[in-house]
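Asker: Dropping in entry33.cif, with mmCIF, C-alpha atoms.
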data_data
loop_
_atom_site.label_atom_id
_atom_site.label_comp_id
_atom_site.auth_asym_id
_atom_site.auth_seq_id
_atom_site.Cartn_x
_atom_site.Cartn_y
_atom_site.Cartn_z
CA PRO A 1 0.00 0.00 0.00
CA ASP A 2 0.96 3.59 -0.63
CA LYS A 3 2.42 5.15 2.55
CA GLU A 4 2.37 8.76 1.39
CA VAL A 5 1.14 11.19 4.04
CA VAL A 6 -1.56 13.34 2.46
CA ALA A 7 -2.87 15.17 5.54
CA VAL A 8 -2.20 15.71 9.22
CA ASN A 9 -4.79 16.99 11.67
CA TRP A 10 -2.88 18.33 14.66
CA SER A 11 -4.93 19.63 17.57
CA PRO A 12 -3.45 18.52 20.91
CA LEU A 13 -6.18 20.25 22.95
CA PHE A 14 -8.83 18.08 21.30
CA GLU A 15 -7.07 14.73 21.31
CA GLY A 16 -9.02 11.82 22.62
CA THR A 17 -7.83 8.61 24.18
CA LEU A 18 -4.97 6.94 22.29
CA SER A 19 -6.33 3.97 20.39
CA VAL A 20 -3.42 1.94 19.03
CA PRO A 21 -2.19 -1.59 19.71
CA GLU A 22 -0.07 -1.75 22.87
CA GLU A 23 3.08 -2.54 20.89
CA ASP A 24 2.68 0.77 19.02
CA VAL A 25 2.31 3.06 22.05
CA GLU A 26 6.04 3.85 22.45
CA LEU A 27 6.49 4.31 18.70
CA TYR A 28 3.47 6.61 18.60
CA TYR A 29 4.74 8.87 21.38
CA ARG A 30 8.24 8.92 19.91
CA ALA A 31 6.81 10.05 16.56
CA TYR A 32 4.51 12.52 18.38
CA ARG A 33 7.48 14.16 20.14
CA ARG A 34 9.53 14.28 16.93
CA PHE A 35 6.67 15.90 15.04
CA LEU A 36 6.17 18.48 17.79
CA GLN A 37 9.90 19.27 17.78
CA ALA A 38 9.88 19.61 13.98
CA ILE A 39 7.05 22.12 14.27
CA ARG A 40 8.81 24.10 16.99
CA ASP A 41 12.13 24.13 15.09
CA SER A 42 10.72 24.80 11.63
CA PRO A 43 12.53 27.53 9.66
CA LEU A 44 9.14 28.22 8.04
CA LYS A 45 7.52 29.23 11.33
CA LYS A 46 6.29 32.82 11.43
CA GLU A 47 5.00 34.81 14.39
CA HIS A 48 2.82 37.88 14.07
CA ARG A 49 1.13 39.90 16.77
CA LEU A 50 -2.25 41.12 15.60
CA GLN A 51 -3.12 44.74 16.23
CA PRO A 52 -6.64 46.12 16.77
CA GLY A 53 -8.50 45.99 13.46
CA ASP A 54 -6.19 43.37 11.91
CA CYS A 55 -7.69 40.52 9.93
CA ILE A 56 -5.90 37.33 9.03
CA VAL A 57 -7.30 34.89 6.47
CA PHE A 58 -5.90 31.43 5.73
CA ASN A 59 -6.88 27.97 4.57
CA ASN A 60 -7.34 26.01 7.78
CA ARG A 61 -6.44 22.77 5.98
CA ARG A 62 -3.12 24.10 4.64
CA MET A 63 -1.71 26.11 7.51
CA LEU A 64 -0.72 24.91 10.94
CA HIS A 65 -1.51 27.72 13.35
CA LYS A 66 -1.78 28.51 17.03
CA ARG A 67 -2.19 31.32 19.51
CA THR A 68 0.35 31.99 22.22
CA ALA A 69 -0.32 33.06 25.77
CA PHE A 70 -0.14 36.72 26.69
CA THR A 71 -1.09 39.04 29.54
CA LEU A 72 -3.69 41.72 29.00
CA ALA A 73 -2.89 45.26 30.05
CA PRO A 74 -5.01 46.41 33.00
CA GLY A 75 -8.46 47.58 31.94
CA THR A 76 -8.29 45.99 28.49
CA ILE A 77 -10.17 43.07 26.93
CA ARG A 78 -9.34 40.60 24.22
CA HIS A 79 -11.79 40.11 21.38
CA LEU A 80 -10.96 37.53 18.73
CA GLN A 81 -13.61 36.70 16.15
CA GLY A 82 -13.41 33.52 14.12
CA CYS A 83 -15.16 32.65 10.88
CA HIS A 84 -15.12 29.45 8.85
CA VAL A 85 -16.00 29.23 5.17
CA ASN A 86 -16.73 25.96 3.42
CA ILE A 87 -14.24 25.63 0.53
CA ASP A 88 -16.90 24.33 -1.90
CA GLU A 89 -19.20 27.28 -1.19
CA PHE A 90 -16.27 29.67 -1.59
CA LYS A 91 -15.19 28.19 -4.94
CA SER A 92 -18.79 28.23 -6.16
CA LYS A 93 -19.17 31.91 -5.24
CA VAL A 94 -15.89 32.77 -7.02
CA GLN A 95 -17.10 30.98 -10.18
CA VAL A 96 -20.47 32.75 -10.13
CA LEU A 97 -18.94 36.20 -9.52
CA SER A 98 -16.29 35.56 -12.16
CA ALA A 99 -19.01 34.71 -14.69
CA LEU A 100 -20.96 37.86 -13.76
CA VAL A 101 -18.16 40.41 -13.64
CA GLY A 102 -15.20 38.63 -15.26
CA ASP A 103 -11.84 37.75 -13.83
#
Please rewrite the model in this file as structure tokens.
Answerer:
Amino acid sequence: PDKEVVAVNWSPLFEGTLSVPEEDVELYYRAYRRFLQAIRDSPLKKEHRLQPGDCIVFNNRRMLHKRTAFTLAPGTIRHLQGCHVNIDEFKSKVQVLSALVGD
């Protein structure tokens, strides 16, 4: 069988109980730690602090992302708004608008 990795869903906060054969537990955690280290050490990693009014848009299936901890200044609040768009709906809307107004 083809052993090409085509996708990785990485969300440690939402991991459930490990469900692998007992003989694979050590191998799993070794690979888990290596993957985490590769993420942390990646030369492609970028950090950006959002400013009030900033908007960031990305494909959730193509970009590994996270938020880091921070301390709010006294008397301030944090407001972060998320929005998810279904890729099929997005592509359909682009096709329709392109047909109506051109590229």
Asker: Write out as a list in words each polymer residue whose atoms come within 12 Å of Leu36 of chain A, counting only C-alpha atoms; drop sequence neighbours fewer than 5 positions from it.
Answerer: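 So, after excluding close chain neighbours, the residues are Trp10, Ser11, Pro12, Tyr29, Arg30, Ala31, Asp41, Ser42 and Leu64 of chain A.
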Asker: Evaluate the PyMOL selection byres ((chain A and resi 80-90) around 12) here and jot the selected residues down as a ChimeraX atom specification.
Answerer: /A:50-62,67,77-79,91-97
Asker: For the atom pair atom CA of His48 of chain A and atom CA of Met63 of chain A, what is the interatomic distance in Å to one decimal place?
Answerer: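 We find that atom CA of His48 of chain A and atom CA of Met63 of chain A lie 14.2 Å from each other.
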Asker: Would you pick out the contacts of Tyr32 of chain A at 12 Å or less, using all atoms listed in the file, so that residues sharing its chain but fewer than 6 positions from it are not included, and give the list as a VMD selection string?
Answerer: chain A and resid 8 10 to 12 18 24 to 26 38 to 39
Asker: Any idea what the distance is between atom CA of Gln37 of chain A and atom CA of Asp2 of chain A?
Answerer: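 A separation of 25.8 Å between them.
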Asker: With distances taken over only C-alpha atoms, which of A:Ser98, A:Thr17, A:Thr68, A:Asn9 is nearest to Phe35 of chain A?
Answerer: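 The answer is A:Asn9, which sits nearest to Phe35 of chain A.
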Asker: From the list A:Ala7, A:Lys66, A:Ala99, A:Thr76, which residue is nearest Lys45 of chain A when using only C-alpha atoms?
Answerer: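 For Lys45 of chain A, the nearest of the candidates is A:Lys66.
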Asker: Which value, in Å to one decimal, gives the distance between atom CA of Leu72 of chain A and atom CA of Leu44 of chain A?
Answerer: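 Result for atom CA of Leu72 of chain A versus atom CA of Leu44 of chain A: 28.0 Å, one decimal.
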Asker: So, with all atoms listed in the file as the atoms that count, which of A:His65, A:Gly102, A:Thr71, A:Val6 lies closest to Arg40 of chain A?
Answerer: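 Among the listed residues, the smallest separation from Arg40 of chain A belongs to A:His65.
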Asker: Centre and edge lengths, as AutoDock Vina command-line options, for the axis-aligned box enclosing every listed atom of segment 30-49 of chain A with 6 Å of padding on each of the six sides, in Å to one decimal?
Answerer:
--center_x 6.8 --center_y 24.4 --center_z 14.1 --size_x 23.4 --size_y 43.0 --size_z 24.1
Asker: Just so I have it separately, write segment 31-43 of chain A from the block I sent, keeping all heavy atoms, as a compact mmCIF listing (two decimals), in the first residue's frame.
Answerer:
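For reference, result.txt as written:
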# COMPACT_ATOMS: atom_id res chain seq x y z
N ALA A 31 7.13 9.29 17.78
CA ALA A 31 6.81 10.05 16.56
C ALA A 31 6.10 11.36 16.92
O ALA A 31 6.38 12.40 16.31
CB ALA A 31 5.92 9.20 15.65
N TYR A 32 5.24 11.33 17.92
CA TYR A 32 4.51 12.52 18.38
C TYR A 32 5.50 13.59 18.83
O TYR A 32 5.40 14.75 18.43
CB TYR A 32 3.60 12.10 19.53
CG TYR A 32 2.66 13.16 20.04
CD1 TYR A 32 1.33 13.14 19.66
CD2 TYR A 32 3.07 14.14 20.92
CE1 TYR A 32 0.43 14.08 20.14
CE2 TYR A 32 2.19 15.09 21.40
CZ TYR A 32 0.87 15.06 21.01
OH TYR A 32 0.00 15.99 21.49
N ARG A 33 6.47 13.20 19.65
CA ARG A 33 7.48 14.16 20.14
C ARG A 33 8.35 14.68 19.01
O ARG A 33 8.68 15.87 18.97
CB ARG A 33 8.34 13.52 21.24
CG ARG A 33 7.61 13.35 22.56
CD ARG A 33 8.53 12.91 23.68
NE ARG A 33 9.15 11.61 23.43
CZ ARG A 33 8.60 10.44 23.77
NH1 ARG A 33 7.42 10.40 24.36
NH2 ARG A 33 9.23 9.31 23.52
N ARG A 34 8.71 13.83 18.08
CA ARG A 34 9.53 14.28 16.93
C ARG A 34 8.76 15.25 16.06
O ARG A 34 9.32 16.23 15.57
CB ARG A 34 9.99 13.08 16.11
CG ARG A 34 11.08 12.28 16.82
CD ARG A 34 11.60 11.17 15.98
NE ARG A 34 12.36 11.72 14.85
CZ ARG A 34 12.82 10.99 13.86
NH1 ARG A 34 12.63 9.68 13.83
NH2 ARG A 34 13.50 11.55 12.88
N PHE A 35 7.49 15.00 15.84
CA PHE A 35 6.67 15.90 15.04
C PHE A 35 6.54 17.25 15.73
O PHE A 35 6.70 18.30 15.11
CB PHE A 35 5.29 15.27 14.80
CG PHE A 35 4.42 16.09 13.89
CD1 PHE A 35 4.76 16.27 12.55
CD2 PHE A 35 3.26 16.67 14.35
CE1 PHE A 35 3.95 17.02 11.70
CE2 PHE A 35 2.45 17.42 13.52
CZ PHE A 35 2.80 17.59 12.18
N LEU A 36 6.28 17.24 17.03
CA LEU A 36 6.17 18.48 17.79
C LEU A 36 7.47 19.27 17.73
O LEU A 36 7.47 20.49 17.52
CB LEU A 36 5.80 18.19 19.25
CG LEU A 36 5.66 19.38 20.17
CD1 LEU A 36 4.61 20.35 19.64
CD2 LEU A 36 5.31 18.93 21.57
N GLN A 37 8.60 18.60 17.86
CA GLN A 37 9.90 19.27 17.78
C GLN A 37 10.14 19.85 16.39
O GLN A 37 10.65 20.95 16.24
CB GLN A 37 11.03 18.31 18.16
CG GLN A 37 12.33 18.99 18.45
CD GLN A 37 12.23 19.92 19.65
OE1 GLN A 37 11.72 19.55 20.70
NE2 GLN A 37 12.70 21.14 19.51
N ALA A 38 9.73 19.11 15.35
CA ALA A 38 9.88 19.61 13.98
C ALA A 38 9.06 20.88 13.78
O ALA A 38 9.52 21.82 13.12
CB ALA A 38 9.46 18.53 12.98
N ILE A 39 7.88 20.92 14.36
CA ILE A 39 7.05 22.12 14.27
C ILE A 39 7.73 23.28 14.98
O ILE A 39 7.84 24.38 14.45
CB ILE A 39 5.65 21.86 14.88
CG1 ILE A 39 4.88 20.87 14.01
CG2 ILE A 39 4.88 23.17 15.04
CD1 ILE A 39 3.62 20.35 14.67
N ARG A 40 8.19 23.02 16.20
CA ARG A 40 8.81 24.10 16.99
C ARG A 40 10.09 24.63 16.34
O ARG A 40 10.39 25.81 16.44
CB ARG A 40 9.13 23.59 18.38
CG ARG A 40 7.92 23.40 19.24
CD ARG A 40 8.30 22.92 20.61
NE ARG A 40 7.12 22.82 21.46
CZ ARG A 40 7.06 22.07 22.54
NH1 ARG A 40 8.10 21.35 22.91
NH2 ARG A 40 5.96 22.03 23.25
N ASP A 41 10.84 23.75 15.68
CA ASP A 41 12.13 24.13 15.09
C ASP A 41 12.05 24.54 13.63
O ASP A 41 13.07 24.83 13.01
CB ASP A 41 13.13 22.97 15.21
CG ASP A 41 13.48 22.65 16.65
OD1 ASP A 41 13.23 23.51 17.53
OD2 ASP A 41 13.99 21.54 16.90
N SER A 42 10.87 24.54 13.06
CA SER A 42 10.72 24.80 11.63
C SER A 42 11.24 26.18 11.23
O SER A 42 10.88 27.18 11.83
CB SER A 42 9.26 24.69 11.21
OG SER A 42 9.12 25.09 9.86
N PRO A 43 12.08 26.23 10.17
CA PRO A 43 12.53 27.53 9.66
C PRO A 43 11.40 28.28 8.95
O PRO A 43 11.53 29.45 8.64
CB PRO A 43 13.65 27.15 8.68
CG PRO A 43 13.31 25.76 8.25
CD PRO A 43 12.65 25.10 9.44
